[in-house]
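S.K.: So here's query.cif, just mmCIF, C-alpha atoms:
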```cif
data_my_file
loop_
_atom_site.label_atom_id
_atom_site.label_comp_id
_atom_site.auth_asym_id
_atom_site.auth_seq_id
_atom_site.Cartn_x
_atom_site.Cartn_y
_atom_site.Cartn_z
CA MET A 1 39.28 -51.16 -1.76
CA ALA A 2 40.85 -52.15 1.54
CA ASP A 3 38.86 -52.76 4.69
CA PRO A 4 38.20 -49.78 6.93
CA LEU A 5 40.51 -49.16 9.84
CA SER A 6 39.11 -49.80 13.27
CA PRO A 7 38.53 -46.59 15.24
CA ARG A 8 41.11 -45.23 17.63
CA ASP A 9 40.48 -45.65 21.35
CA ARG A 10 41.14 -42.06 22.31
CA ASP A 11 40.87 -42.84 26.02
CA TRP A 12 43.93 -45.05 25.62
CA HIS A 13 45.87 -42.27 23.90
CA PRO A 14 47.09 -39.23 25.84
CA ALA A 15 44.63 -36.44 26.50
CA PRO A 16 45.15 -33.73 23.86
CA PHE A 17 44.64 -30.99 26.45
CA PHE A 18 46.71 -31.76 29.54
CA PRO A 19 47.62 -28.55 31.39
CA ASP A 20 50.44 -30.17 33.39
CA TYR A 21 52.14 -30.39 29.99
CA LYS A 22 52.07 -26.69 29.27
CA SER A 23 52.68 -26.84 25.54
CA SER A 24 49.39 -28.68 25.12
CA ILE A 25 47.34 -25.77 26.44
CA TYR A 26 47.38 -23.69 23.26
CA ARG A 27 48.11 -26.51 20.84
CA SER A 28 45.15 -28.83 21.42
CA PRO A 29 41.98 -28.36 19.38
CA GLN A 30 39.09 -27.08 21.48
CA LYS A 31 36.28 -28.27 19.25
CA PRO A 32 35.38 -31.96 19.05
CA LEU A 33 37.01 -33.98 16.28
CA VAL A 34 34.66 -34.76 13.41
CA ILE A 35 34.14 -38.52 13.27
CA ALA A 36 34.40 -39.85 9.73
CA PRO A 37 34.54 -43.29 8.12
CA THR A 38 37.96 -44.12 6.70
CA SER A 39 38.24 -43.68 2.95
CA GLU A 40 40.93 -44.63 0.48
CA SER A 41 42.94 -41.62 1.69
CA GLU A 42 43.35 -43.25 5.11
CA GLU A 43 43.36 -46.87 3.93
CA SER A 44 46.30 -46.39 1.55
CA GLY A 45 49.72 -45.01 2.29
CA PRO A 46 53.26 -44.51 1.09
CA VAL A 47 55.46 -47.57 0.58
CA PHE A 48 59.12 -47.53 1.59
CA GLY A 49 61.66 -49.93 0.17
CA HIS A 50 64.71 -51.41 1.85
CA ASN A 51 66.80 -49.81 -0.89
CA MET A 52 66.38 -46.41 0.80
CA LEU A 53 68.40 -47.64 3.78
CA GLY A 54 72.14 -47.26 4.24
CA PRO A 55 74.18 -49.92 6.05
CA LEU A 56 74.55 -47.83 9.23
CA ASP A 57 71.05 -46.37 9.34
CA ASN A 58 70.14 -48.67 12.25
CA ASP A 59 73.41 -48.13 14.12
CA LEU A 60 73.26 -44.87 16.05
CA ILE A 61 76.58 -45.69 17.71
CA ARG A 62 78.38 -45.35 14.38
CA ASN A 63 76.18 -43.62 11.83
CA PHE A 64 77.32 -40.10 12.75
CA ALA A 65 80.74 -41.02 14.15
CA ALA A 66 84.07 -40.27 12.55
CA PRO A 67 85.58 -43.32 10.84
CA GLY A 68 86.71 -45.78 13.48
CA GLU A 69 85.03 -43.87 16.30
CA MET A 70 81.90 -44.59 18.33
CA ALA A 71 79.44 -42.59 20.40
CA ILE A 72 79.92 -42.70 24.18
CA GLY A 73 77.52 -44.33 26.63
CA PRO A 74 75.74 -47.57 27.49
CA ARG A 75 75.00 -49.31 24.19
CA PRO A 76 71.71 -51.20 24.17
CA ILE A 77 70.19 -53.13 21.32
CA VAL A 78 66.55 -52.12 20.89
CA HIS A 79 64.33 -54.53 19.00
CA GLY A 80 60.76 -55.66 18.67
CA ARG A 81 57.93 -56.20 16.26
CA VAL A 82 55.37 -54.00 14.63
CA LEU A 83 51.97 -55.64 14.85
CA ASP A 84 48.44 -54.53 14.15
CA GLU A 85 45.58 -54.71 16.63
CA ASN A 86 44.70 -58.12 15.25
CA ALA A 87 48.19 -59.31 16.29
CA ARG A 88 49.29 -59.63 12.67
CA PRO A 89 52.87 -58.61 11.91
CA VAL A 90 53.33 -55.49 9.83
CA PRO A 91 56.21 -56.08 7.40
CA GLY A 92 57.71 -53.20 5.44
CA ALA A 93 56.96 -50.64 8.16
CA LEU A 94 59.34 -47.67 8.14
CA ILE A 95 60.49 -46.78 11.66
CA GLU A 96 62.44 -43.59 12.30
CA VAL A 97 63.96 -42.98 15.74
CA TRP A 98 65.57 -39.98 17.39
CA GLN A 99 66.94 -39.30 20.82
CA ALA A 100 69.28 -37.38 23.10
CA ASN A 101 72.82 -38.56 23.73
CA ALA A 102 74.04 -40.30 26.89
CA GLY A 103 74.16 -36.96 28.72
CA GLY A 104 70.58 -36.07 27.80
CA ARG A 105 71.54 -33.55 25.10
CA TYR A 106 69.95 -33.39 21.63
CA ARG A 107 71.87 -32.33 18.58
CA HIS A 108 69.50 -29.48 17.64
CA ALA A 109 69.91 -25.74 17.13
CA LYS A 110 67.12 -24.95 19.60
CA GLU A 111 68.41 -27.23 22.36
CA GLY A 112 69.95 -25.41 25.34
CA TYR A 113 70.75 -28.05 27.97
CA LEU A 114 74.25 -27.64 29.38
CA ALA A 115 75.24 -31.28 28.91
CA PRO A 116 77.75 -31.48 26.06
CA LEU A 117 77.23 -32.81 22.59
CA ASP A 118 78.99 -36.03 21.74
CA PRO A 119 80.90 -35.32 18.53
CA ASN A 120 80.25 -38.90 17.42
CA PHE A 121 76.51 -38.98 18.08
CA GLY A 122 73.86 -37.59 15.73
CA GLY A 123 70.78 -39.12 17.32
CA CYS A 124 68.82 -40.45 14.33
CA GLY A 125 68.27 -43.92 12.97
CA ARG A 126 65.81 -45.77 10.77
CA MET A 127 64.87 -49.25 9.69
CA ILE A 128 62.15 -51.16 7.86
CA THR A 129 60.50 -54.18 9.45
CA ASP A 130 61.20 -57.61 7.95
CA GLU A 131 58.63 -60.14 6.77
CA ASN A 132 57.78 -60.96 10.41
CA GLY A 133 57.37 -57.33 11.38
CA HIS A 134 60.67 -57.38 13.27
CA TYR A 135 63.11 -54.48 13.61
CA ARG A 136 66.36 -53.96 15.48
CA PHE A 137 68.82 -51.15 16.04
CA MET A 138 71.90 -50.37 18.09
CA THR A 139 72.09 -47.17 20.03
CA ILE A 140 73.38 -45.30 23.05
CA LYS A 141 71.08 -45.22 26.06
CA PRO A 142 69.82 -41.63 26.17
CA GLY A 143 70.18 -39.70 29.40
CA PRO A 144 67.30 -38.09 31.27
CA TYR A 145 67.19 -34.31 31.06
CA PRO A 146 65.43 -31.30 32.59
CA TRP A 147 63.00 -29.34 30.44
CA PRO A 148 61.20 -26.03 30.71
CA ASN A 149 57.69 -26.89 31.83
CA GLY A 150 57.11 -26.88 35.58
CA PRO A 151 59.77 -25.61 37.99
CA ASN A 152 61.66 -28.94 38.03
CA ASP A 153 60.46 -31.35 35.36
CA TRP A 154 62.68 -34.11 33.99
CA ARG A 155 62.09 -36.34 31.03
CA PRO A 156 62.76 -40.02 31.68
CA ALA A 157 65.24 -41.59 29.30
CA HIS A 158 63.33 -42.12 26.06
CA ILE A 159 63.61 -42.79 22.36
CA HIS A 160 61.16 -41.18 19.94
CA PHE A 161 59.60 -43.49 17.34
CA SER A 162 57.85 -42.48 14.11
CA VAL A 163 56.06 -45.40 12.45
CA PHE A 164 54.38 -45.89 9.07
CA GLY A 165 52.15 -48.91 8.62
CA HIS A 166 50.47 -49.83 5.37
CA SER A 167 48.01 -46.99 5.43
CA PHE A 168 48.28 -43.34 6.30
CA GLY A 169 45.52 -43.72 8.88
CA GLN A 170 47.89 -45.91 10.94
CA ARG A 171 50.49 -43.16 11.18
CA LEU A 172 51.88 -42.96 14.70
CA ILE A 173 54.55 -41.12 16.64
CA THR A 174 55.31 -42.28 20.15
CA GLN A 175 58.11 -42.66 22.68
CA MET A 176 59.80 -45.68 24.23
CA TYR A 177 60.81 -45.66 27.89
CA PHE A 178 63.22 -47.98 29.69
CA GLU A 179 61.97 -50.48 32.26
CA GLY A 180 62.63 -49.43 35.84
CA ASP A 181 63.19 -45.72 35.25
CA PRO A 182 61.82 -43.90 38.34
CA LEU A 183 61.21 -40.73 36.29
CA ILE A 184 58.51 -42.36 34.16
CA PRO A 185 55.55 -41.78 36.52
CA LEU A 186 56.71 -38.23 37.33
CA CYS A 187 56.77 -36.96 33.75
CA PRO A 188 53.86 -34.75 32.65
CA ILE A 189 54.14 -36.00 29.06
CA VAL A 190 53.83 -39.58 30.27
CA ARG A 191 51.02 -38.62 32.64
CA SER A 192 49.00 -37.24 29.74
CA ILE A 193 48.23 -40.96 29.28
CA ALA A 194 45.60 -41.82 31.88
CA ASP A 195 45.81 -45.60 31.90
CA ALA A 196 48.83 -47.18 33.62
CA ALA A 197 48.56 -50.18 31.31
CA ALA A 198 48.96 -47.89 28.33
CA VAL A 199 52.13 -46.43 29.84
CA ASP A 200 53.38 -49.98 30.37
CA GLN A 201 52.92 -50.56 26.66
CA LEU A 202 55.53 -47.85 26.04
CA THR A 203 57.98 -49.21 28.62
CA ALA A 204 60.55 -51.55 27.10
CA PRO A 205 61.67 -54.40 29.36
CA LEU A 206 65.20 -55.68 29.52
CA ASP A 207 65.51 -58.64 27.14
CA MET A 208 68.41 -60.82 28.26
CA ASP A 209 67.79 -63.30 25.43
CA VAL A 210 68.87 -60.74 22.86
CA THR A 211 71.83 -59.23 24.70
CA ALA A 212 75.21 -59.47 23.03
CA PRO A 213 77.57 -60.94 25.68
CA MET A 214 80.48 -58.63 26.55
CA ASP A 215 78.94 -56.00 24.26
CA ALA A 216 75.34 -54.82 24.61
CA LEU A 217 72.25 -55.14 26.77
CA ALA A 218 68.90 -55.32 24.99
CA HIS A 219 65.40 -53.93 25.39
CA ARG A 220 62.29 -55.18 23.65
CA PHE A 221 59.70 -52.73 22.37
CA ASP A 222 56.72 -54.01 20.40
CA ILE A 223 54.61 -51.43 18.59
CA VAL A 224 50.93 -51.91 17.77
CA LEU A 225 49.30 -50.02 14.91
CA ARG A 226 45.62 -49.73 14.16
CA GLY A 227 44.07 -52.80 12.59
CA ARG A 228 41.56 -53.23 9.84
CA GLY A 229 38.11 -54.46 9.46
CA SER A 230 37.13 -55.23 13.03
CA THR A 231 34.66 -52.44 13.56
CA LEU A 232 32.23 -50.80 11.20
CA PHE A 233 31.64 -47.09 11.16
CA GLU A 234 27.94 -47.69 11.64
CA ASN A 235 28.60 -49.63 14.84
CA ARG A 236 30.67 -46.81 16.14
CA LEU A 237 27.90 -44.28 15.73
CA GLU A 238 25.87 -46.45 18.05
CA GLY A 239 28.62 -46.22 20.60
CA ASN A 240 30.54 -49.47 20.13
CA MET B 1 36.84 -62.01 11.43
CA PRO B 2 39.76 -62.14 13.88
CA THR B 3 39.20 -61.06 17.43
CA LYS B 4 40.92 -57.84 18.37
CA ARG B 5 43.53 -58.75 20.94
CA LEU B 6 45.98 -55.87 21.14
CA LYS B 7 45.64 -52.22 21.95
CA GLU B 8 47.15 -49.65 19.62
CA SER B 9 50.36 -48.24 21.10
CA PRO B 10 49.50 -44.93 22.71
CA SER B 11 50.88 -41.85 21.03
CA GLN B 12 53.31 -39.43 22.61
CA THR B 13 54.21 -35.98 21.39
CA ALA B 14 56.80 -35.68 18.63
CA GLY B 15 58.42 -33.00 20.79
CA PRO B 16 60.43 -30.02 19.58
CA TYR B 17 63.24 -32.07 18.06
CA VAL B 18 61.25 -34.22 15.64
CA HIS B 19 63.56 -32.96 12.90
CA ILE B 20 66.46 -35.03 14.22
CA GLY B 21 64.63 -38.21 13.33
CA CYS B 22 62.47 -37.18 10.40
CA THR B 23 64.43 -34.44 8.60
CA PRO B 24 67.98 -34.67 9.96
CA ASN B 25 69.58 -32.82 7.05
CA PHE B 26 67.22 -29.91 7.69
CA THR B 27 68.53 -29.60 11.24
CA GLY B 28 72.18 -29.89 10.26
CA ILE B 29 72.71 -33.60 10.92
CA THR B 30 74.28 -34.36 7.58
CA GLY B 31 76.06 -37.39 6.24
CA VAL B 32 73.70 -39.93 7.80
CA TYR B 33 70.85 -39.99 5.26
CA GLU B 34 71.43 -38.80 1.72
CA THR B 35 68.23 -36.78 1.66
CA ASP B 36 65.35 -35.98 3.97
CA THR B 37 62.60 -38.45 3.18
CA GLY B 38 59.51 -36.87 1.69
CA SER B 39 61.21 -33.64 0.66
CA VAL B 40 60.48 -34.20 -3.04
CA MET B 41 57.02 -35.32 -4.12
CA ARG B 42 57.06 -35.05 -7.89
CA THR B 43 59.35 -35.75 -10.78
CA ASP B 44 59.32 -34.32 -14.26
CA ALA B 45 57.86 -37.58 -15.50
CA MET B 46 54.54 -37.38 -13.79
CA GLN B 47 51.27 -36.17 -15.20
CA GLY B 48 49.12 -33.47 -13.78
CA GLU B 49 48.80 -29.82 -12.92
CA GLN B 50 51.77 -28.69 -10.87
CA ILE B 51 50.70 -26.80 -7.77
CA THR B 52 52.30 -25.36 -4.67
CA ILE B 53 50.62 -25.47 -1.28
CA THR B 54 51.95 -23.21 1.46
CA GLY B 55 50.74 -22.44 4.93
CA THR B 56 51.48 -22.03 8.59
CA VAL B 57 50.14 -23.79 11.67
CA PHE B 58 48.99 -21.35 14.38
CA ASP B 59 48.41 -21.99 18.07
CA GLY B 60 45.63 -20.63 20.27
CA GLN B 61 47.51 -17.39 20.85
CA GLY B 62 47.97 -16.82 17.14
CA ALA B 63 51.66 -17.71 17.25
CA PRO B 64 53.09 -19.78 14.40
CA LEU B 65 54.33 -23.26 15.27
CA THR B 66 57.99 -23.07 14.34
CA ASP B 67 58.68 -26.63 15.44
CA ALA B 68 55.85 -28.42 13.60
CA LEU B 69 56.31 -31.22 11.12
CA VAL B 70 53.64 -31.45 8.44
CA GLU B 71 53.00 -34.49 6.27
CA VAL B 72 50.64 -34.83 3.32
CA TRP B 73 49.21 -37.83 1.51
CA GLN B 74 47.18 -37.54 -1.67
CA ALA B 75 46.02 -39.16 -4.86
CA ASP B 76 47.65 -38.50 -8.21
CA ALA B 77 46.03 -36.43 -10.97
CA ALA B 78 43.86 -39.39 -11.92
CA GLY B 79 42.64 -39.93 -8.36
CA ARG B 80 44.83 -43.00 -7.77
CA PHE B 81 46.80 -43.57 -4.58
CA GLY B 82 50.32 -44.93 -4.29
CA GLN B 83 51.15 -45.14 -7.99
CA ASP B 84 54.88 -44.80 -7.47
CA ASN B 85 55.60 -45.84 -11.04
CA SER B 86 53.88 -42.71 -12.28
CA GLY B 87 56.75 -40.63 -10.87
CA PHE B 88 54.63 -39.26 -8.06
CA SER B 89 54.81 -40.69 -4.56
CA GLY B 90 51.77 -38.92 -3.17
CA TRP B 91 53.49 -38.44 0.17
CA GLY B 92 55.37 -35.39 1.35
CA ARG B 93 56.92 -34.15 4.55
CA CYS B 94 57.95 -30.59 5.39
CA PRO B 95 59.32 -29.11 8.60
CA ALA B 96 58.01 -25.66 9.47
CA ASP B 97 60.52 -22.86 9.01
CA GLN B 98 62.25 -22.47 12.35
CA SER B 99 61.72 -18.69 12.34
CA THR B 100 58.41 -18.14 10.57
CA GLY B 101 56.63 -21.50 10.81
CA ALA B 102 55.94 -21.53 7.06
CA TRP B 103 55.88 -24.85 5.21
CA ARG B 104 55.52 -25.66 1.52
CA PHE B 105 54.70 -28.59 -0.73
CA ASP B 106 55.42 -28.66 -4.45
CA THR B 107 52.99 -31.25 -5.67
CA ILE B 108 50.27 -31.88 -8.24
CA ARG B 109 46.60 -31.26 -7.99
CA PRO B 110 44.92 -34.50 -6.91
CA GLY B 111 42.09 -35.86 -9.00
CA ALA B 112 38.70 -36.69 -7.60
CA THR B 113 38.73 -39.99 -5.76
CA GLY B 114 36.05 -42.61 -5.58
CA GLY B 115 35.00 -41.11 -2.30
CA GLY B 116 34.56 -37.49 -3.29
CA ALA B 117 36.26 -34.25 -4.24
CA GLY B 118 40.01 -34.05 -4.80
CA HIS B 119 41.78 -33.37 -1.52
CA VAL B 120 45.09 -33.55 0.29
CA THR B 121 45.29 -35.27 3.67
CA PHE B 122 47.35 -33.39 6.26
CA TRP B 123 48.93 -34.85 9.39
CA ILE B 124 50.48 -32.43 11.88
CA VAL B 125 52.77 -33.19 14.80
CA ALA B 126 54.71 -30.87 17.12
CA ARG B 127 55.61 -30.21 20.71
CA GLY B 128 52.36 -29.95 22.65
CA ILE B 129 50.40 -32.13 20.20
CA ASN B 130 49.94 -35.41 22.02
CA LEU B 131 48.39 -37.30 19.10
CA GLY B 132 49.00 -36.31 15.48
CA LEU B 133 46.23 -34.14 14.04
CA HIS B 134 44.47 -35.22 10.86
CA THR B 135 42.75 -32.83 8.50
CA ARG B 136 42.05 -32.37 4.80
CA MET B 137 42.57 -29.58 2.31
CA TYR B 138 40.07 -29.15 -0.50
CA PHE B 139 40.26 -26.84 -3.50
CA PRO B 140 38.16 -23.68 -3.85
CA GLY B 141 35.54 -23.68 -6.57
CA ASP B 142 35.57 -27.45 -7.02
CA PRO B 143 32.04 -28.40 -8.12
CA LEU B 144 32.40 -31.71 -6.23
CA LEU B 145 32.65 -29.98 -2.85
CA ALA B 146 28.87 -29.92 -2.56
CA SER B 147 28.64 -33.70 -2.76
CA ASP B 148 31.79 -34.66 -0.85
CA PRO B 149 30.88 -37.15 1.90
CA TRP B 150 33.44 -35.89 4.43
CA LEU B 151 32.51 -32.23 4.00
CA ALA B 152 28.91 -33.26 4.52
CA LEU B 153 29.88 -34.40 8.03
CA VAL B 154 31.13 -30.93 8.91
CA GLU B 155 28.81 -28.16 10.05
CA GLU B 156 28.45 -25.64 7.27
CA THR B 157 29.98 -22.72 9.18
CA ARG B 158 33.23 -24.65 9.65
CA ARG B 159 33.65 -26.13 6.16
CA GLY B 160 35.60 -23.10 5.03
CA THR B 161 38.49 -24.08 7.30
CA LEU B 162 39.10 -27.07 5.02
CA ILE B 163 39.20 -25.14 1.75
CA ALA B 164 42.43 -23.56 0.56
CA GLN B 165 42.68 -20.03 -0.77
CA GLN B 166 43.98 -19.69 -4.30
CA THR B 167 46.62 -16.96 -4.33
CA GLY B 168 47.87 -17.29 -7.91
CA GLU B 169 48.04 -19.74 -10.80
CA GLY B 170 48.71 -23.10 -9.18
CA GLN B 171 49.32 -21.43 -5.82
CA PHE B 172 47.26 -22.40 -2.79
CA LEU B 173 47.39 -21.17 0.79
CA PHE B 174 46.17 -23.43 3.59
CA ASP B 175 46.74 -22.07 7.07
CA ILE B 176 45.88 -24.37 9.95
CA HIS B 177 44.55 -23.00 13.25
CA LEU B 178 44.72 -25.30 16.26
CA GLN B 179 42.31 -23.17 18.31
CA GLY B 180 40.30 -19.97 18.15
CA PRO B 181 37.43 -18.64 16.05
CA HIS B 182 38.94 -20.10 12.88
CA GLU B 183 39.91 -23.44 14.41
CA THR B 184 40.52 -25.92 11.61
CA VAL B 185 38.31 -28.98 11.51
CA PHE B 186 40.26 -32.07 12.58
CA PHE B 187 39.00 -35.58 11.95
CA ASP B 188 38.80 -38.83 13.85
CA ALA B 189 38.61 -41.31 10.98
#
```
Can you dump the structure from the file as structure tokens?
M.R.:
Amino acid sequence: MADPLSPRDRDWHPAPFFPDYKSSIYRSPQKPLVIAPTSESEESGPVFGHNMLGPLDNDLIRNFAAPGEMAIGPRPIVHGRVLDENARPVPGALIEVWQANAGGRYRHAKEGYLAPLDPNFGGCGRMITDENGHYRFMTIKPGPYPWPNGPNDWRPAHIHFSVFGHSFGQRLITQMYFEGDPLIPLCPIVRSIADAAAVDQLTAPLDMDVTAPMDALAHRFDIVLRGRGSTLFENRLEGN
Amino acid sequence: MPTKRLKESPSQTAGPYVHIGCTPNFTGITGVYETDTGSVMRTDAMQGEQITITGTVFDGQGAPLTDALVEVWQADAAGRFGQDNSGFSGWGRCPADQSTGAWRFDTIRPGATGGGAGHVTFWIVARGINLGLHTRMYFPGDPLLASDPWLALVEETRRGTLIAQQTGEGQFLFDIHLQGPHETVFFDA
């Protein structure tokens, strides 16, 4: 049996109930979570093989485009590593990403923003980390967009990330923001995270070392999943 | 034991358009991935009692979540996890119906695991859920329920929220309530 997963620091994560983000009001549990030791159900998880991937899965510029066409907009490379809390790389991690197009419009039946769809942009991509935990994809920089929450709320440009580690208890969905975006501190979804350092962890800096000259800028986004074995359930009950 | 040096990346909501990334074919983005990952859990080759689990996630006003994404992870019929070669992946993913909020998994009944009664782990994300919610579904009438270590952590009056209703042969209903008098028990494991 694998080691237990270390407990989540729920003060680092966003508050489940955060009234400035209206959707959380009726969708956050009101009773305390029941604290439980991880079991095999959380310490094991599905395994994804590279053979599930198509050659364009990590190229959002082309994977929905007509042959010979490309999606419109600034075209960053996004890359980074998946690590655990012990700073060990997580190879074989499935990452799925989704996002709006350059105008801030999602390709979704329930999306109503007036910015137009890009006929060559679907908005999904996926990859599996290599033996060093590294991943990389090409995309279009998503635009910011207004959303129905407060009278005038705007989402900063962001890319959604869904990540599988080696165990189901590591499962994580988060969002990546772009360094320097002035909308980041204004966004109620971002502000559901109390600690500025935690928001920084979701903000991907420009990475000139990885840019493709005359082609693409680059942003680096490292993702940290829960680690194993560093804290015992018994310690936690005592408040560690 | 290594010193913990990094903080887990904070979660953010999956938002209302999680389907684009996780089940693109479901939302009409076709031709990128051949199938939606996790849409099929079992093959004809695998052993075990075939079952169907259906349900709906409800918010604090009793409205169904029509934008939720539900994932399950479970042992095979023998209580083993991740035995891909048995023709059963153990992992499934289903988007809620965009009108009714109903979701469905065609799976097999999990065997008892080393840790207790047979169960299915559920993980729920949606707009308004800032960190994915983790719960478990157990089976009604299972004699191991009384000795299950996780159920023992739950106050008796709330244990029923973790036990499915059997609605027919091999048919189980497991509604999930995010708030209210029947609020489902969620775990921090």
S.K.: Please check the contacts: residues of chain A at most 7 Å away from chain B, using all atoms listed in the file, listed as a PyMOL selection string.
M.R.: chain A and resi 7+12-14+16+23-24+26-30+33-39+41+44-46+63-64+85-87+96-98+108+122-125+172-175+198+201+223-226+230
S.K.: In Å, with one decimal, what is the gap from atom CA of Gln166 of chain B to atom CA of Gly55 of chain B?
M.R.: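 Atom-to-atom, atom CA of Gln166 of chain B to atom CA of Gly55 of chain B, that is 11.8 Å.
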S.K.: Kindly resolve the PyMOL selection byres ((chain A and resi 59) around 7) on the present coordinates and return the residues as a list in words.
M.R.: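 Listing what the PyMOL selection byres ((chain A and resi 59) around 7) selects in the shown file: Leu56, Asp57, Asn58, Leu60, Ile61, Arg62, Asn63, Gly125, Phe137, Met138 and Thr139 of chain A.
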S.K.: Just the number, please: distance in Å from atom CA of Pro95 of chain B to atom CA of Pro64 of chain B, one decimal.
M.R.: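 If I compute the distance from atom CA of Pro95 of chain B to atom CA of Pro64 of chain B, I get 12.6 Å.
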S.K.: Name the closest residue to Arg88 of chain A among the candidates A:Gly54, A:Pro19, A:Gly227, A:Pro74; distances are taken between atoms, counting only C-alpha atoms.
M.R.: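 Using only C-alpha atoms, the shortest distance to Arg88 of chain A belongs to A:Gly227.
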S.K.: Could you name the residues that touch segment 116-118 of chain A at 7 Å or less, counting all atoms listed in the file, but leaving out those on the same chain fewer than 3 positions away, as a list in words?
M.R.: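 Listing them by chain and then by number gives Ala71, Asn101, Arg105, Arg107 and Phe121 of chain A.
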S.K.: Dump C-alpha atoms for the selected residues as an mmCIF file, in the frame of the given file?
M.R.:
```
data_model
loop_
_atom_site.group_PDB
_atom_site.id
_atom_site.type_symbol
_atom_site.label_atom_id
_atom_site.label_comp_id
_atom_site.auth_asym_id
_atom_site.auth_seq_id
_atom_site.Cartn_x
_atom_site.Cartn_y
_atom_site.Cartn_z
ATOM 1 C CA ALA A 71 79.440 -42.590 20.400
ATOM 2 C CA ASN A 101 72.820 -38.560 23.730
ATOM 3 C CA ARG A 105 71.540 -33.550 25.100
ATOM 4 C CA ARG A 107 71.870 -32.330 18.580
ATOM 5 C CA PHE A 121 76.510 -38.980 18.080
#
```
S.K.: Identify all residues satisfying the PyMOL selection byres ((chain B and resi 106) around 6) in the given file; provide them as a list in words.
M.R.: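 Those residues are Thr52, Phe105 and Thr107 of chain B.
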S.K.: Here is a test: counting only C-alpha atoms, which residue of B:Ala117, B:Ala77, B:Ala164, B:Ala152 is nearest to Arg42 of chain B?
M.R.: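 Among B:Ala117, B:Ala77, B:Ala164, B:Ala152, it is B:Ala77 that comes nearest to Arg42 of chain B.
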